[in-house]
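Chemist: This is the content of my_file-v1.cif (mmCIF, C-alpha atoms and all ligand atoms):
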```cif
data_target
loop_
_atom_site.label_atom_id
_atom_site.label_comp_id
_atom_site.auth_asym_id
_atom_site.auth_seq_id
_atom_site.Cartn_x
_atom_site.Cartn_y
_atom_site.Cartn_z
CA MET Y 1 21.12 -28.82 30.58
CA ASP Y 2 21.81 -25.55 32.38
CA VAL Y 3 19.20 -23.07 33.57
CA ALA Y 4 19.49 -20.76 30.58
CA GLU Y 5 19.13 -23.61 28.11
CA GLU Y 6 16.14 -24.96 29.99
CA PHE Y 7 14.51 -21.50 29.93
CA GLU Y 8 15.11 -21.17 26.19
CA ARG Y 9 13.65 -24.61 25.57
CA ARG Y 10 10.48 -23.69 27.47
CA LEU Y 11 10.12 -20.47 25.42
CA GLN Y 12 10.51 -22.44 22.18
CA THR Y 13 7.89 -24.92 23.31
CA ARG Y 14 5.42 -22.11 24.08
CA LEU Y 15 6.08 -20.39 20.74
CA GLY Y 16 5.63 -23.69 18.92
CA GLY Y 17 2.31 -24.16 20.71
CA ILE Y 18 1.13 -20.68 19.70
CA GLY Y 19 2.02 -21.31 16.06
CA ALA Y 20 0.29 -24.70 16.06
CA ALA Y 21 -2.84 -23.19 17.63
CA ALA Y 22 -2.91 -20.44 14.98
CA ARG Y 23 -2.76 -23.08 12.21
CA LEU Y 24 -5.57 -25.02 13.91
CA VAL Y 25 -7.73 -21.88 14.12
CA ALA Y 26 -7.09 -21.14 10.43
CA ALA Y 27 -7.89 -24.72 9.43
CA GLY Y 28 -11.10 -24.54 11.45
CA GLN Y 29 -12.06 -21.29 9.78
CA ALA Y 30 -11.47 -22.82 6.34
CA GLN Y 31 -13.65 -25.78 7.32
CA MET Y 32 -16.35 -23.35 8.48
CA LEU Y 33 -16.20 -21.39 5.20
CA ARG Y 34 -16.50 -24.60 3.17
CA GLY Y 35 -19.41 -25.73 5.33
CA LEU Y 36 -21.22 -22.42 4.88
CA ALA Y 37 -20.58 -22.40 1.12
CA GLY Y 38 -21.81 -26.00 0.86
CA PHE Y 39 -24.96 -25.08 2.79
CA ALA Y 40 -25.53 -22.06 0.51
CA ALA Y 41 -25.13 -24.29 -2.56
CA LEU Y 42 -27.94 -26.54 -1.33
CA GLN Y 43 -30.23 -23.54 -0.88
CA ALA Y 44 -30.63 -22.32 -4.47
CA PRO Y 45 -32.85 -19.26 -4.76
CA ARG Y 46 -36.49 -20.13 -5.39
CA GLU Y 47 -38.67 -18.37 -7.93
CA VAL Y 48 -40.29 -16.20 -5.30
CA ASP Y 49 -36.91 -15.04 -3.94
CA PRO Y 50 -35.23 -11.81 -4.90
CA PRO Y 51 -32.14 -12.41 -7.11
CA GLY Y 52 -29.23 -13.86 -5.14
CA VAL Y 53 -26.75 -16.72 -4.96
CA PHE Y 54 -28.79 -18.55 -2.29
CA SER Y 55 -32.33 -18.56 -0.97
CA HIS Y 56 -33.55 -15.40 0.71
CA TYR Y 57 -34.44 -17.39 3.83
CA ALA Y 58 -31.27 -19.52 4.07
CA PRO Y 59 -29.54 -17.30 6.66
CA GLU Y 60 -32.13 -17.90 9.40
CA GLU Y 61 -31.12 -21.54 9.98
CA VAL Y 62 -27.44 -20.66 10.01
CA ALA Y 63 -28.22 -17.83 12.43
CA ALA Y 64 -29.97 -20.25 14.78
CA THR Y 65 -27.11 -22.75 14.58
CA LEU Y 66 -24.37 -20.16 15.18
CA ARG Y 67 -26.48 -18.07 17.59
CA VAL Y 68 -25.88 -14.86 15.66
CA SER Y 69 -28.23 -12.34 14.08
CA GLY Y 70 -29.79 -12.99 10.69
CA ALA Y 71 -27.76 -10.15 9.17
CA SER Y 72 -24.51 -11.60 10.49
CA ALA Y 73 -25.40 -15.07 9.14
CA ARG Y 74 -26.22 -13.56 5.74
CA ASN Y 75 -22.83 -11.78 5.62
CA GLN Y 76 -21.00 -14.95 6.58
CA LEU Y 77 -22.84 -16.97 3.91
CA TYR Y 78 -22.08 -14.39 1.24
CA PHE Y 79 -18.41 -14.23 2.18
CA ALA Y 80 -18.06 -18.03 2.31
CA GLU Y 81 -19.89 -18.56 -0.98
CA THR Y 82 -17.72 -15.90 -2.68
CA VAL Y 83 -14.29 -17.06 -1.48
CA VAL Y 84 -14.95 -20.78 -2.00
CA ARG Y 85 -16.16 -20.11 -5.56
CA ARG Y 86 -13.75 -17.32 -6.63
CA LEU Y 87 -10.65 -17.76 -4.43
CA PRO Y 88 -10.33 -21.53 -3.88
CA ARG Y 89 -6.51 -21.46 -3.69
CA ALA Y 90 -6.69 -18.85 -0.94
CA VAL Y 91 -9.14 -21.02 1.02
CA ASP Y 92 -6.66 -23.91 0.63
CA ALA Y 93 -3.91 -21.61 1.96
CA LEU Y 94 -6.12 -20.78 4.95
CA ALA Y 95 -6.76 -24.48 5.57
CA ALA Y 96 -2.99 -25.06 5.53
CA GLY Y 97 -2.39 -22.17 7.94
CA ILE Y 98 -0.31 -20.26 5.36
CA ILE Y 99 -2.58 -17.21 5.52
CA ASP Y 100 -5.05 -16.19 8.21
CA LEU Y 101 -8.67 -15.08 7.95
CA PRO Y 102 -7.91 -11.32 8.03
CA ARG Y 103 -5.62 -11.79 5.01
CA LEU Y 104 -8.33 -13.73 3.18
CA ARG Y 105 -10.70 -10.84 3.90
CA SER Y 106 -8.17 -8.37 2.47
CA LEU Y 107 -7.83 -10.43 -0.70
CA GLU Y 108 -11.58 -10.80 -1.07
CA HIS Y 109 -12.11 -7.07 -0.53
CA ALA Y 110 -9.41 -6.06 -3.02
CA THR Y 111 -10.69 -8.45 -5.72
CA SER Y 112 -14.41 -7.69 -5.20
CA PRO Y 113 -14.69 -5.29 -8.20
CA LEU Y 114 -12.98 -7.76 -10.56
CA ASP Y 115 -14.46 -10.45 -12.78
CA ASP Y 116 -13.70 -14.09 -11.86
CA ASP Y 117 -10.76 -14.45 -14.29
CA VAL Y 118 -8.85 -11.39 -13.12
CA ALA Y 119 -9.66 -12.22 -9.49
CA ALA Y 120 -8.04 -15.63 -10.03
CA GLN Y 121 -4.95 -13.96 -11.55
CA VAL Y 122 -4.64 -11.66 -8.53
CA GLU Y 123 -5.09 -14.64 -6.19
CA ALA Y 124 -2.29 -16.52 -7.95
CA TRP Y 125 0.02 -13.48 -7.97
CA ILE Y 126 -0.49 -12.92 -4.24
CA LEU Y 127 -0.24 -16.54 -3.06
CA ASP Y 128 2.85 -17.23 -5.18
CA ARG Y 129 4.67 -14.56 -3.16
CA GLY Y 130 3.71 -15.74 0.29
CA PRO Y 131 1.82 -14.32 3.27
CA ARG Y 132 3.98 -11.14 3.65
CA LYS Y 133 5.26 -9.83 6.97
CA HIS Y 134 1.96 -8.57 8.35
CA ARG Y 135 -1.59 -7.93 7.25
CA ALA Y 136 -1.03 -4.31 6.21
CA ALA Y 137 1.73 -5.39 3.81
CA PHE Y 138 -0.49 -8.19 2.53
CA SER Y 139 -3.40 -5.79 1.94
CA ALA Y 140 -1.15 -3.32 0.11
CA ALA Y 141 0.19 -6.18 -2.01
CA CYS Y 142 -3.40 -7.16 -2.90
CA ARG Y 143 -4.25 -3.61 -3.95
CA ARG Y 144 -1.02 -3.36 -5.95
CA ALA Y 145 -1.77 -6.65 -7.73
CA VAL Y 146 -5.28 -5.46 -8.62
CA ILE Y 147 -3.86 -2.24 -10.07
CA ARG Y 148 -1.18 -4.16 -11.97
CA LEU Y 149 -3.55 -6.75 -13.45
CA ASP Y 150 -6.52 -4.45 -14.07
CA PRO Y 151 -4.97 -1.02 -14.75
CA ASP Y 152 -7.91 0.40 -16.70
CA GLY Y 153 -10.48 -0.75 -14.15
CA ALA Y 154 -8.32 0.59 -11.31
CA LYS Y 155 -8.10 3.97 -13.03
CA ASP Y 156 -11.87 4.09 -13.62
CA ARG Y 157 -12.63 3.17 -10.01
CA ALA Y 158 -10.13 5.74 -8.74
CA ASP Y 159 -11.62 8.43 -10.99
CA GLU Y 160 -15.08 7.61 -9.70
CA GLN Y 161 -14.07 7.65 -6.04
CA ARG Y 162 -12.14 10.90 -6.50
CA ARG Y 163 -15.17 12.47 -8.20
CA ASP Y 164 -17.14 11.59 -5.07
CA ARG Y 165 -14.89 13.69 -2.81
CA SER Y 166 -16.86 15.41 -0.09
CA VAL Y 167 -16.89 17.01 3.33
CA ARG Y 168 -19.54 16.07 5.85
CA ILE Y 169 -20.21 16.24 9.55
CA GLU Y 170 -21.54 13.60 11.91
CA ALA Y 171 -22.85 14.38 15.37
CA ASP Y 172 -21.25 12.24 18.09
CA GLU Y 173 -21.97 11.80 21.79
CA ASP Y 174 -20.83 14.19 24.53
CA ALA Y 175 -20.83 17.50 22.66
CA THR Y 176 -18.42 16.44 19.92
CA SER Y 177 -18.79 15.92 16.18
CA THR Y 178 -16.67 14.21 13.55
CA LEU Y 179 -15.74 16.30 10.52
CA ILE Y 180 -15.02 14.01 7.59
CA ALA Y 181 -13.30 14.96 4.35
CA VAL Y 182 -13.08 12.35 1.61
CA LEU Y 183 -10.25 13.58 -0.63
CA PRO Y 184 -7.83 12.40 -3.30
CA ALA Y 185 -5.13 10.58 -1.33
CA GLU Y 186 -2.37 13.05 -2.24
CA ASP Y 187 -4.51 16.03 -1.18
CA ALA Y 188 -5.42 14.39 2.12
CA ALA Y 189 -1.75 13.64 2.76
CA ALA Y 190 -0.78 17.25 1.97
CA CYS Y 191 -3.50 18.63 4.31
CA TYR Y 192 -2.48 16.34 7.14
CA GLN Y 193 1.18 17.08 6.68
CA ARG Y 194 0.58 20.84 6.85
CA ILE Y 195 -1.49 20.44 10.03
CA ASP Y 196 1.11 18.15 11.58
CA HIS Y 197 3.96 20.45 10.58
CA LEU Y 198 2.30 23.47 12.23
CA ALA Y 199 1.45 21.40 15.31
CA ASP Y 200 5.10 20.45 15.51
CA ILE Y 201 6.21 24.11 15.46
CA ILE Y 202 3.66 24.97 18.17
CA ALA Y 203 4.65 22.01 20.34
CA ARG Y 204 8.32 22.98 20.20
CA ASN Y 205 7.76 26.66 21.04
CA ARG Y 206 4.99 26.50 23.60
CA ASP Y 207 4.90 27.72 27.20
CA ASP Y 208 5.16 25.28 30.10
CA ASP Y 209 1.48 25.75 30.97
CA ASP Y 210 0.38 24.55 27.52
CA GLU Y 211 -0.26 20.89 28.27
CA ARG Y 212 -2.14 19.99 25.09
CA THR Y 213 -1.40 16.65 23.48
CA ARG Y 214 -0.22 16.51 19.87
CA ASP Y 215 -3.69 15.32 18.83
CA GLN Y 216 -5.30 18.30 20.55
CA ILE Y 217 -2.89 20.74 18.91
CA ARG Y 218 -3.55 19.26 15.47
CA ALA Y 219 -7.30 19.61 16.02
CA ASP Y 220 -6.86 23.24 17.09
CA VAL Y 221 -4.63 23.99 14.09
CA LEU Y 222 -7.22 22.54 11.70
CA VAL Y 223 -9.90 24.85 13.12
CA ASP Y 224 -7.48 27.82 13.07
CA LEU Y 225 -6.73 27.25 9.39
CA LEU Y 226 -10.32 26.74 8.26
CA THR Y 227 -11.92 29.51 10.27
CA GLY Y 228 -9.02 31.97 10.09
CA ARG Y 229 -9.25 32.51 13.85
CA ALA Y 230 -5.45 32.44 14.24
CA GLU Y 231 -2.52 33.15 11.94
CA HIS Y 232 -0.05 30.42 11.10
CA ALA Y 233 3.25 30.32 9.25
CA ALA Y 234 3.19 30.07 5.46
CA PRO Y 235 3.13 26.52 4.12
CA ILE Y 236 6.75 25.55 3.81
CA GLY Y 237 8.16 22.11 4.28
CA CYS Y 238 5.16 20.08 3.21
CA GLU Y 239 6.25 17.29 0.98
CA ILE Y 240 4.38 14.20 -0.18
CA GLN Y 241 6.47 11.55 -1.89
CA VAL Y 242 4.95 10.15 -5.08
CA VAL Y 243 6.84 7.14 -6.40
CA VAL Y 244 6.50 6.52 -10.13
CA PRO Y 245 8.21 3.80 -12.17
CA ILE Y 246 9.98 5.42 -15.11
CA THR Y 247 8.21 3.08 -17.55
CA THR Y 248 4.88 4.37 -16.24
CA LEU Y 249 5.98 7.99 -16.52
CA LEU Y 250 7.08 7.42 -20.11
CA GLY Y 251 3.81 5.68 -20.93
CA LEU Y 252 5.58 2.37 -21.64
CA GLY Y 253 3.95 0.41 -18.83
CA HIS Y 254 1.19 0.25 -16.26
CA GLU Y 255 3.26 -0.47 -13.16
CA PRO Y 256 1.43 1.04 -10.16
CA GLY Y 257 2.84 4.10 -8.45
CA GLU Y 258 2.99 4.61 -4.72
CA LEU Y 259 2.06 7.43 -2.39
CA ALA Y 260 4.21 7.42 0.75
CA GLY Y 261 2.10 6.65 3.79
CA TYR Y 262 -0.84 5.56 1.63
CA GLY Y 263 0.14 2.74 -0.68
CA PRO Y 264 -0.28 1.80 -4.33
CA LEU Y 265 -1.84 4.17 -6.86
CA PRO Y 266 -3.14 3.32 -10.35
CA ALA Y 267 -0.40 4.04 -12.91
CA ALA Y 268 -2.45 6.72 -14.67
CA ILE Y 269 -3.15 8.56 -11.39
CA ALA Y 270 0.49 8.40 -10.23
CA LYS Y 271 1.64 9.65 -13.63
CA GLU Y 272 -0.89 12.48 -13.57
CA ILE Y 273 0.26 13.61 -10.10
CA ALA Y 274 3.92 13.36 -11.14
CA MET Y 275 3.35 15.56 -14.20
CA ARG Y 276 1.12 18.08 -12.44
CA PRO Y 277 2.86 21.25 -11.30
CA GLY Y 278 2.43 21.20 -7.56
CA SER Y 279 4.17 22.52 -4.54
CA THR Y 280 3.48 19.79 -2.04
CA TRP Y 281 4.89 16.63 -3.52
CA ARG Y 282 8.21 15.27 -4.62
CA ARG Y 283 8.54 12.79 -7.44
CA LEU Y 284 10.63 9.66 -6.88
CA LEU Y 285 11.44 7.77 -10.08
CA THR Y 286 12.15 4.04 -9.93
CA ASP Y 287 13.18 1.45 -12.48
CA PRO Y 288 10.61 -1.27 -13.24
CA GLN Y 289 12.05 -3.39 -10.41
CA GLY Y 290 11.29 -0.64 -7.93
CA THR Y 291 14.85 0.55 -7.30
CA LEU Y 292 15.10 4.31 -6.83
CA ILE Y 293 16.86 6.01 -9.75
CA GLU Y 294 16.08 9.71 -9.23
CA VAL Y 295 14.66 12.03 -6.60
CA ALA Y 296 13.08 14.96 -8.39
CA GLU Y 297 13.94 18.48 -7.36
CA ARG Y 298 11.43 20.29 -5.24
CA ARG Y 299 9.35 22.79 -7.11
CA LEU Y 300 9.41 25.20 -4.18
CA PRO Y 301 12.86 26.56 -3.35
CA SER Y 302 14.06 26.14 0.20
CA PRO Y 303 14.22 29.24 2.45
CA ALA Y 304 18.04 29.06 2.20
CA GLN Y 305 17.88 29.12 -1.59
CA VAL Y 306 15.53 32.12 -1.51
CA ARG Y 307 17.88 33.97 0.87
CA HIS Y 308 20.80 33.18 -1.42
CA ILE Y 309 19.28 34.43 -4.66
CA ARG Y 310 17.84 37.54 -3.00
CA ALA Y 311 21.29 38.41 -1.71
CA ARG Y 312 22.85 37.63 -5.08
CA ASN Y 313 20.35 39.65 -7.13
CA ARG Y 314 19.06 42.42 -4.91
CA GLN Y 315 16.34 43.53 -7.30
CA CYS Y 316 13.96 41.98 -9.78
CA THR Y 317 16.23 40.72 -12.53
CA HIS Y 318 14.30 42.44 -15.33
CA PRO Y 319 16.54 45.20 -16.76
CA THR Y 320 14.15 48.10 -16.17
CA CYS Y 321 12.87 47.03 -12.78
CA THR Y 322 13.87 48.41 -9.40
CA ARG Y 323 11.59 46.28 -7.22
CA LYS Y 324 13.52 45.02 -4.19
CA ALA Y 325 14.24 41.29 -4.29
CA THR Y 326 12.68 40.87 -0.85
CA ARG Y 327 9.34 41.79 -2.45
CA THR Y 328 9.52 39.46 -5.45
CA ASP Y 329 8.55 35.97 -6.51
CA THR Y 330 11.21 33.33 -6.96
CA ASP Y 331 11.22 32.46 -10.65
CA HIS Y 332 12.55 29.31 -12.31
CA THR Y 333 14.60 30.58 -15.30
CA VAL Y 334 13.91 27.34 -17.16
CA PRO Y 335 10.37 26.63 -15.95
CA TYR Y 336 9.95 23.79 -13.50
CA ALA Y 337 7.30 22.25 -15.76
CA ALA Y 338 9.86 22.21 -18.60
CA GLY Y 339 12.32 20.31 -16.43
CA GLY Y 340 14.14 23.30 -14.93
CA PRO Y 341 15.75 22.30 -11.63
CA THR Y 342 15.16 24.09 -8.34
CA HIS Y 343 18.79 25.17 -8.01
CA THR Y 344 20.07 28.65 -7.33
CA THR Y 345 21.65 28.43 -10.82
CA ASN Y 346 18.12 28.26 -12.25
CA LEU Y 347 16.37 30.65 -9.85
CA GLY Y 348 16.09 34.42 -9.78
CA PRO Y 349 14.01 37.06 -8.03
CA CYS Y 350 11.32 38.41 -10.32
CA CYS Y 351 8.55 40.84 -9.43
CA ARG Y 352 4.99 39.70 -9.92
CA ARG Y 353 4.53 41.91 -13.02
CA HIS Y 354 7.64 40.65 -14.81
CA HIS Y 355 7.09 37.09 -13.62
CA ARG Y 356 3.68 37.16 -15.30
CA MET Y 357 5.00 38.97 -18.34
CA ARG Y 358 7.58 36.37 -19.16
CA HIS Y 359 5.19 33.45 -18.70
CA GLN Y 360 2.53 35.01 -20.97
CA PRO Y 361 1.31 32.71 -23.72
CA GLY Y 362 3.61 33.17 -26.69
CA ARG Y 363 6.47 34.13 -24.37
CA LEU Y 364 7.26 37.50 -25.93
CA TRP Y 365 10.06 37.98 -23.42
CA LYS Y 366 12.72 35.31 -23.09
CA VAL Y 367 15.21 35.01 -20.26
CA ARG Y 368 18.39 32.98 -19.88
CA GLN Y 369 20.74 32.59 -16.95
CA PRO Y 370 24.11 31.84 -18.62
CA ARG Y 371 25.98 32.16 -15.32
CA PRO Y 372 24.53 32.08 -11.81
CA GLY Y 373 22.91 35.47 -11.16
CA THR Y 374 23.44 36.82 -14.69
CA PHE Y 375 20.20 37.17 -16.65
CA GLU Y 376 19.82 37.83 -20.36
CA TRP Y 377 16.39 39.27 -21.18
CA THR Y 378 15.38 39.34 -24.84
CA GLY Y 379 12.37 41.47 -25.69
CA PRO Y 380 9.80 41.02 -28.47
CA ALA Y 381 11.91 43.18 -30.82
CA GLY Y 382 14.91 40.94 -30.29
CA THR Y 383 16.96 43.30 -28.12
CA THR Y 384 18.89 41.52 -25.40
CA THR Y 385 19.75 43.24 -22.12
CA THR Y 386 21.81 41.62 -19.41
CA THR Y 387 21.56 42.11 -15.67
CA TYR Y 388 24.31 40.97 -13.34
CA PRO Y 389 24.50 39.86 -9.73
CA HIS Y 390 25.10 42.41 -7.02
CA ASN Y 391 28.77 43.26 -6.63
CA TYR Y 392 29.56 43.38 -2.93
CA LEU Y 393 32.90 45.20 -3.57
CA THR Y 394 31.54 48.11 -5.58
CA GLY Y 395 28.08 47.99 -4.07
CA GLU Y 396 26.54 48.23 -7.53
CA GLU Y 397 24.78 46.05 -10.00
CA HIS Y 398 26.08 46.08 -13.52
CA LEU Y 399 23.73 46.84 -16.36
CA SER Y 400 24.83 46.75 -19.97
CA ALA Y 401 22.95 46.65 -23.24
CA CYS Y 402 24.26 44.63 -26.09
CA ASP Y 403 23.13 44.05 -29.68
ZN ZN B 501 10.30 43.46 -12.11
#
```
Can the structure in the file be given as structure tokens, please?
Modeler:
Amino acid sequence: MDVAEEFERRLQTRLGGIGAAARLVAAGQAQMLRGLAGFAALQAPREVDPPGVFSHYAPEEVAATLRVSGASARNQLYFAETVVRRLPRAVDALAAGIIDLPRLRSLEHATSPLDDDVAAQVEAWILDRGPRKHRAAFSAACRRAVIRLDPDGAKDRADEQRRDRSVRIEADEDATSTLIAVLPAEDAAACYQRIDHLADIIARNRDDDDERTRDQIRADVLVDLLTGRAEHAAPIGCEIQVVVPITTLLGLGHEPGELAGYGPLPAAIAKEIAMRPGSTWRRLLTDPQGTLIEVAERRLPSPAQVRHIRARNRQCTHPTCTRKATRTDTDHTVPYAAGGPTHTTNLGPCCRRHHRMRHQPGRLWKVRQPRPGTFEWTGPAGTTTTTYPHNYLTGEEHLSACD
């Protein structure tokens, strides 16, 4: 055996030892959980006790045995009693070293709002598909399974949590405080992305003597934005990806959606976000197996698209309007909400007045874009007037009435 082979063999031996030790630890933890649950079962609550699954004074003896606080012993007893009763297959998997204790905690946490039957279904779903690559993936899989198997409950819990959104402040040590915002996940992602985007611009354009870390810059940007103490670029480039299975979007299924960087969303919430007109997210449609089938257009045109249409139509496209395109909104000819794409062939400059006019309820004015840059406006009386793109040879815009 040469030196390299010998070295490799020693590495393999060490790795094998680490794996065996991890299985031993897991088996020991399973034994501990079963011991605690068995102890709890022998300590039924007495009449004088407050309601509970074991006697009010059971934790003290465990605390003395394990040399931990009473509160810690109580938590361990509760956890052990719960998982041994509700998630017995998962405890078996821990005993066999297939999952570890952190994964069991994730499963227990995810299933805690469910009744015993649905919890057992989630347990089976998760264990049938293995321990996953790492704990984060396992936890996300647990949450996804809960949403899949209890869609209505997941929606109700999400609604409740989202209703409880809040901002609060907590005083810390050393002249600092923590500002906490509890937000709908997509809003939090959009806020963070804007802050990070601006921090990125600042970091790339700063002077040599600006030695702030990226964390420091983000903190400064947050304060700038909220207090208005410094100006920042308009919000362009923020984009949260919301993944929605097409069956969910069509109301044919309850497959969970997904928010990039966050994880699974209840079907109803993902669908609601995907249908909501918004400027900060992009909808990704998948088939029921999760394969991407369509990336939705952005609602907000890119700066290049805006430059293009403002050069193509140098004024508001309404026939009577002379407002310069540089001072207009960018209007979707077929509204975005009606499925109109964010393409230059479906965009035109439109002043605020005429933009509002054509989106009035009842839509008295109708507009079509039969060719890129050519707009047919039809008024309430049925008269159609066409405006044309700027002609760079003659330097004029055509205007002709028909009908
Ligand atoms: Zn106008």
Chemist: Neighbouring residues of ligand ZN 501 (chain B) are defined here as those with any atom at most 6 Å from a ligand atom, counting all atoms listed in the file; list them as a ChimeraX atom specification.
Modeler: /Y:316,318,321,323,350-351,354
Chemist: Write the residues you've just listed into a file as a tab-separated table (two decimals), in the coordinates of the input, and include C-alpha atoms for each of them.
Modeler:
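Written out: part.tsv:
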```tsv
chain	number	residue	atom	x	y	z
Y	316	CYS	CA	13.96	41.98	-9.78
Y	318	HIS	CA	14.30	42.44	-15.33
Y	321	CYS	CA	12.87	47.03	-12.78
Y	323	ARG	CA	11.59	46.28	-7.22
Y	350	CYS	CA	11.32	38.41	-10.32
Y	351	CYS	CA	8.55	40.84	-9.43
Y	354	HIS	CA	7.64	40.65	-14.81
```
Chemist: Work out how far CA of Thr385 in chain Y is from CA of Tyr336 in chain Y, in Å to one decimal.
Modeler: 23.4 Å
Chemist: Could you tell me how far CA of Ile98 in chain Y sits from CA of Arg9 in chain Y, in Å to one decimal place?
Modeler: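 CA of Arg9 in chain Y sits 24.9 Å away from CA of Ile98 in chain Y.
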Chemist: Could you check which of Y:Pro341, Y:Gly263, Y:Gly251, Y:Gly38 is closest to Val83 in chain Y, using all atoms listed in the file?
Modeler: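 Checking each candidate against Val83 in chain Y, we get Y:Gly38 as the closest.
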Chemist: Using all atoms listed in the file - which residues lie no farther than 8 Å from the point (7.4, 12.3, -9.0) in the file's frame? Write them as number ranges by chain.
Modeler: Y: 241-244, 271, 273-275, 281-285, 295-296
Chemist: Can you work out the spacing between CA of Thr345 in chain Y and CA of Arg310 in chain Y in Å, to one decimal?
Modeler: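 Computed distance, CA of Thr345 in chain Y to CA of Arg310 in chain Y, equals 12.6 Å.
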Chemist: Pick out the closest residue to Leu265 in chain Y from this set: Y:Ala141, Y:Ala181, Y:Ala325, Y:Ala219. Count only C-alpha atoms.
Modeler: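 Using only C-alpha atoms, the shortest distance to Leu265 in chain Y belongs to Y:Ala141.
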Chemist: Point out the residue among Y:Met1, Y:Leu114, Y:Ala337, Y:Leu226 with the least atom-to-atom distance to Asp152 in chain Y, counting all atoms listed in the file.
Modeler: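 The answer is Y:Leu114, which sits nearest to Asp152 in chain Y.
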Chemist: Please determine, counting only C-alpha atoms, which residue among Y:His254, Y:Arg212, Y:Lys366, Y:Arg314 has the shortest atom-to-atom distance to Pro151 in chain Y.
Modeler: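 Ranked by minimum distance to Pro151 in chain Y, first place goes to Y:His254.
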Chemist: Nearest residue to Tyr388 in chain Y out of Y:Thr333, Y:Asn346, Y:Asn313, Y:Asn75, using all atoms listed in the file?
Modeler: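 Among Y:Thr333, Y:Asn346, Y:Asn313, Y:Asn75, it is Y:Asn313 that comes nearest to Tyr388 in chain Y.
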